[in-house]
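J.: What follows is run_20.tsv, made up of TSV, C-alpha atoms:
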```
chain	number	residue	atom	x	y	z
A	1	MET	CA	-39.28	36.41	-20.39
A	2	ASN	CA	-36.71	38.53	-18.62
A	3	LEU	CA	-33.64	36.73	-17.21
A	4	ASN	CA	-33.96	38.60	-13.91
A	5	ALA	CA	-37.59	37.51	-13.49
A	6	MET	CA	-36.71	33.90	-14.30
A	7	VAL	CA	-33.93	33.88	-11.69
A	8	ARG	CA	-36.31	35.32	-9.07
A	9	ARG	CA	-38.95	32.70	-9.90
A	10	HIS	CA	-36.46	29.79	-9.53
A	11	ALA	CA	-35.07	31.27	-6.29
A	12	ALA	CA	-38.60	31.52	-4.86
A	13	ALA	CA	-39.34	27.88	-5.83
A	14	ALA	CA	-36.06	26.72	-4.24
A	15	PHE	CA	-36.84	28.70	-1.08
A	16	ARG	CA	-40.26	27.04	-0.80
A	17	GLN	CA	-38.64	23.57	-1.03
A	18	ARG	CA	-35.65	24.36	1.21
A	19	TRP	CA	-36.64	21.90	3.98
A	20	LEU	CA	-36.99	19.06	1.51
A	21	ALA	CA	-33.59	19.91	0.01
A	22	LEU	CA	-32.05	20.04	3.48
A	23	LEU	CA	-33.57	16.64	4.37
A	24	VAL	CA	-32.23	15.07	1.15
A	25	ALA	CA	-28.77	16.57	1.80
A	26	TRP	CA	-28.70	15.15	5.35
A	27	LEU	CA	-29.80	11.70	4.14
A	28	VAL	CA	-27.12	11.63	1.46
A	29	CYS	CA	-24.45	12.80	3.94
A	30	GLY	CA	-25.57	10.26	6.55
A	31	ALA	CA	-25.41	7.43	4.03
A	32	GLY	CA	-21.96	8.61	2.94
A	33	TRP	CA	-20.64	8.80	6.49
A	34	PHE	CA	-22.00	5.33	7.24
A	35	GLY	CA	-20.36	3.97	4.09
A	36	VAL	CA	-17.00	5.49	5.00
A	37	GLN	CA	-17.18	3.94	8.48
A	38	LEU	CA	-17.63	0.50	6.92
A	39	LEU	CA	-14.39	0.80	4.94
A	40	PRO	CA	-11.47	-0.98	6.63
A	41	SER	CA	-8.43	1.10	7.54
A	42	ARG	CA	-5.42	0.32	5.36
A	43	TYR	CA	-2.06	1.96	5.84
A	44	GLU	CA	0.64	1.93	3.20
A	45	SER	CA	4.33	2.32	3.84
A	46	THR	CA	6.72	3.09	1.02
A	47	ALA	CA	10.48	3.38	0.83
A	48	ARG	CA	12.45	4.60	-2.15
A	49	VAL	CA	15.97	3.26	-2.44
A	50	TYR	CA	18.68	4.59	-4.70
A	51	ALA	CA	21.32	1.97	-5.30
A	52	ASP	CA	23.94	1.28	-7.93
A	53	ALA	CA	22.09	-1.54	-9.65
A	54	ASP	CA	25.08	-2.76	-11.63
A	55	ALA	CA	27.23	-3.24	-8.52
A	56	ILE	CA	24.46	-4.85	-6.45
A	57	LEU	CA	23.21	-7.11	-9.19
A	58	SER	CA	26.70	-8.20	-10.21
A	59	LEU	CA	27.30	-9.38	-6.63
A	60	LEU	CA	23.93	-11.15	-6.46
A	61	LEU	CA	24.18	-12.69	-9.91
A	62	ARG	CA	27.78	-13.87	-9.72
A	63	GLY	CA	27.92	-17.42	-11.01
A	64	ILE	CA	24.33	-17.43	-12.30
A	65	ALA	CA	23.77	-17.60	-16.03
A	66	ILE	CA	20.80	-15.36	-16.81
A	67	GLU	CA	19.99	-12.67	-19.28
A	68	SER	CA	21.63	-9.39	-18.46
A	69	THR	CA	18.52	-7.38	-19.31
A	70	PRO	CA	17.47	-4.91	-16.63
A	71	SER	CA	14.06	-6.55	-16.19
A	72	GLY	CA	15.63	-9.99	-15.72
A	73	GLN	CA	18.12	-8.65	-13.21
A	74	VAL	CA	15.44	-6.84	-11.23
A	75	GLU	CA	13.33	-10.00	-11.18
A	76	VAL	CA	16.26	-11.92	-9.67
A	77	LEU	CA	16.76	-9.12	-7.12
A	78	GLN	CA	13.08	-9.27	-6.17
A	79	ARG	CA	13.12	-13.05	-5.85
A	80	THR	CA	16.24	-12.83	-3.68
A	81	LEU	CA	14.76	-10.21	-1.36
A	82	LEU	CA	11.45	-12.03	-1.09
A	83	SER	CA	12.95	-15.48	-0.58
A	84	ARG	CA	11.61	-17.69	2.17
A	85	PRO	CA	14.53	-17.09	4.61
A	86	ASN	CA	14.22	-13.33	4.17
A	87	LEU	CA	10.44	-13.43	4.67
A	88	GLU	CA	10.94	-15.47	7.84
A	89	ARG	CA	13.38	-12.80	9.04
A	90	VAL	CA	10.76	-10.13	8.33
A	91	ILE	CA	8.22	-12.06	10.41
A	92	THR	CA	10.58	-12.54	13.35
A	93	ARG	CA	11.87	-8.94	13.31
A	94	THR	CA	8.37	-7.43	13.29
A	95	ASP	CA	5.23	-8.04	15.33
A	96	LEU	CA	3.84	-10.27	12.60
A	97	GLU	CA	4.95	-13.24	14.67
A	98	LEU	CA	2.21	-12.41	17.17
A	99	ARG	CA	-0.42	-13.06	14.48
A	100	VAL	CA	0.49	-16.73	14.00
A	101	ASN	CA	-0.15	-19.62	16.35
A	102	THR	CA	0.31	-22.70	14.17
A	103	PRO	CA	2.79	-23.72	11.45
A	104	GLU	CA	-0.05	-23.58	8.90
A	105	GLU	CA	-0.80	-19.97	9.81
A	106	ARG	CA	2.91	-19.14	9.53
A	107	GLU	CA	3.05	-20.70	6.09
A	108	ALA	CA	-0.01	-18.72	5.00
A	109	LEU	CA	1.58	-15.54	6.36
A	110	ILE	CA	4.79	-16.18	4.41
A	111	LEU	CA	2.81	-16.68	1.21
A	112	SER	CA	0.73	-13.55	1.79
A	113	LEU	CA	3.85	-11.49	2.55
A	114	ALA	CA	5.45	-12.66	-0.68
A	115	LYS	CA	2.43	-11.29	-2.56
A	116	ALA	CA	1.92	-8.15	-0.47
A	117	ILE	CA	5.45	-6.75	-0.44
A	118	ARG	CA	5.97	-5.04	-3.77
A	119	ILE	CA	9.40	-4.13	-5.08
A	120	THR	CA	9.26	-2.07	-8.23
A	121	THR	CA	11.78	-0.13	-10.26
A	122	GLN	CA	11.23	3.47	-11.16
A	123	THR	CA	14.53	3.94	-12.97
A	124	ARG	CA	17.57	1.74	-13.42
A	125	ASN	CA	18.90	2.65	-9.95
A	126	LEU	CA	15.75	3.68	-8.07
A	127	PHE	CA	13.67	0.98	-6.35
A	128	THR	CA	10.42	1.30	-4.41
A	129	ILE	CA	9.34	-1.06	-1.61
A	130	ASP	CA	5.59	-0.98	-0.74
A	131	TYR	CA	3.51	-2.78	1.86
A	132	ARG	CA	-0.07	-2.30	3.13
A	133	ASP	CA	-1.48	-3.41	6.47
A	134	PRO	CA	-4.35	-2.46	8.82
A	135	ASN	CA	-1.75	-1.57	11.49
A	136	PRO	CA	0.40	1.45	10.55
A	137	ARG	CA	3.32	0.35	12.74
A	138	ILE	CA	3.40	-3.11	11.14
A	139	ALA	CA	3.34	-1.58	7.65
A	140	ARG	CA	6.28	0.66	8.55
A	141	ASP	CA	8.23	-2.13	10.24
A	142	VAL	CA	7.82	-4.56	7.33
A	143	VAL	CA	9.11	-2.00	4.84
A	144	GLN	CA	11.96	-1.00	7.17
A	145	THR	CA	12.97	-4.62	7.71
A	146	THR	CA	12.84	-5.34	3.98
A	147	LEU	CA	14.96	-2.26	3.40
A	148	ASN	CA	17.44	-3.43	6.04
A	149	LEU	CA	17.64	-6.85	4.36
A	150	PHE	CA	18.29	-5.08	1.05
A	151	ILE	CA	21.12	-3.09	2.62
A	152	GLU	CA	22.56	-6.19	4.35
A	153	ALA	CA	22.56	-8.12	1.09
```
The structure given in the file should be rewritten as structure tokens.
T.:
Amino acid sequence: MNLNAMVRRHAAAAFRQRWLALLVAWLVCGAGWFGVQLLPSRYESTARVYADADAILSLLLRGIAIESTPSGQVEVLQRTLLSRPNLERVITRTDLELRVNTPEEREALILSLAKAIRITTQTRNLFTIDYRDPNPRIARDVVQTTLNLFIEA
């Protein structure tokens, strides 16, 4: 059978079933749009900080006997930045305080912030601070406040 004739035959069959194909395409698109609407909005804020790690960590680690490996030092830096007093400062300096009404809710918020704020190292002197929240302004403010605490320290 000739290739040209075969293409014409398939095109004619597709043309006869065009309304069915259009209906299936609309149903798939409608289901997809509905599924996307069900997804919650999540905004991520990220800050990259270049800092002389040796100078910062030597100030933070003065008088503490720990391993001087980079991973151990970064872990101490992360624990320092995400300490309870610093997390309470983040809550009071942002609108997160409006989300809590009781001391139990505040405690739960502090614990969730400690898990949600991520401080990672990309190189020895380059750190990344990440936070996700349904409110884009809150996400930005939490990262900015954490960055400010990093600079103040």
J.: Using all atoms listed in the file, find all polymer residues with an atom at most 10 Å away from the point (12.6, -13.1, 5.4); report them as a PyMOL selection string.
T.: chain A and resi 80-93+110+113-114+142+145-146+149
J.: For range 40-47 of chain A, find every residue with an atom within 9 Å (counting all atoms listed in the file), except residues of its own chain fewer than 6 positions away, and show them as a list of chain:residue names.
T.: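 Once the nearby chain positions are removed, what remains is A:Phe127, A:Thr128, A:Ile129, A:Asp130, A:Tyr131, A:Arg132, A:Asp133, A:Pro134, A:Asn135, A:Pro136, A:Arg137, A:Ala139, A:Arg140, A:Asp141, A:Val142, A:Val143, A:Gln144, A:Leu147.
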J.: Would you mind exporting C-alpha atoms of the selected residues as a PDB file, keeping the file's coordinate frame?
T.:
```pdb
ATOM      1  CA  PHE A 127      13.670   0.980  -6.350  1.00  0.00           C
ATOM      2  CA  THR A 128      10.420   1.300  -4.410  1.00  0.00           C
ATOM      3  CA  ILE A 129       9.340  -1.060  -1.610  1.00  0.00           C
ATOM      4  CA  ASP A 130       5.590  -0.980  -0.740  1.00  0.00           C
ATOM      5  CA  TYR A 131       3.510  -2.780   1.860  1.00  0.00           C
ATOM      6  CA  ARG A 132      -0.070  -2.300   3.130  1.00  0.00           C
ATOM      7  CA  ASP A 133      -1.480  -3.410   6.470  1.00  0.00           C
ATOM      8  CA  PRO A 134      -4.350  -2.460   8.820  1.00  0.00           C
ATOM      9  CA  ASN A 135      -1.750  -1.570  11.490  1.00  0.00           C
ATOM     10  CA  PRO A 136       0.400   1.450  10.550  1.00  0.00           C
ATOM     11  CA  ARG A 137       3.320   0.350  12.740  1.00  0.00           C
ATOM     12  CA  ALA A 139       3.340  -1.580   7.650  1.00  0.00           C
ATOM     13  CA  ARG A 140       6.280   0.660   8.550  1.00  0.00           C
ATOM     14  CA  ASP A 141       8.230  -2.130  10.240  1.00  0.00           C
ATOM     15  CA  VAL A 142       7.820  -4.560   7.330  1.00  0.00           C
ATOM     16  CA  VAL A 143       9.110  -2.000   4.840  1.00  0.00           C
ATOM     17  CA  GLN A 144      11.960  -1.000   7.170  1.00  0.00           C
ATOM     18  CA  LEU A 147      14.960  -2.260   3.400  1.00  0.00           C
TER      19      LEU A 147
END
```
J.: So which one's closest to Asp95 in chain A, A:Val36, A:Met6, A:Trp26, A:Ile138? Using only C-alpha atoms, please.
T.: A:Ile138
J.: Interatomic distance between CA of Glu75 in chain A and CA of Leu96 in chain A?
T.: 25.6 Å
J.: Find the smallest box with edges along x, y and z containing every listed atom of range 139-151 of chain A, then add 4 Å on each side and report centre and edge lengths in Å to one decimal, as JSON.
T.:
```
{"center_x": 12.2, "center_y": -3.1, "center_z": 5.6, "size_x": 25.8, "size_y": 15.5, "size_z": 17.2}
```
J.: At what distance in Å, to one decimal, does CA of Gln78 in chain A lie from CA of Ala51 in chain A?
T.: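 These atoms are spaced 14.0 Å apart.
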J.: So what do you get for CA of Arg106 in chain A versus CA of Thr94 in chain A, distance-wise?
T.: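 Interatomic distance here is 13.5 Å.
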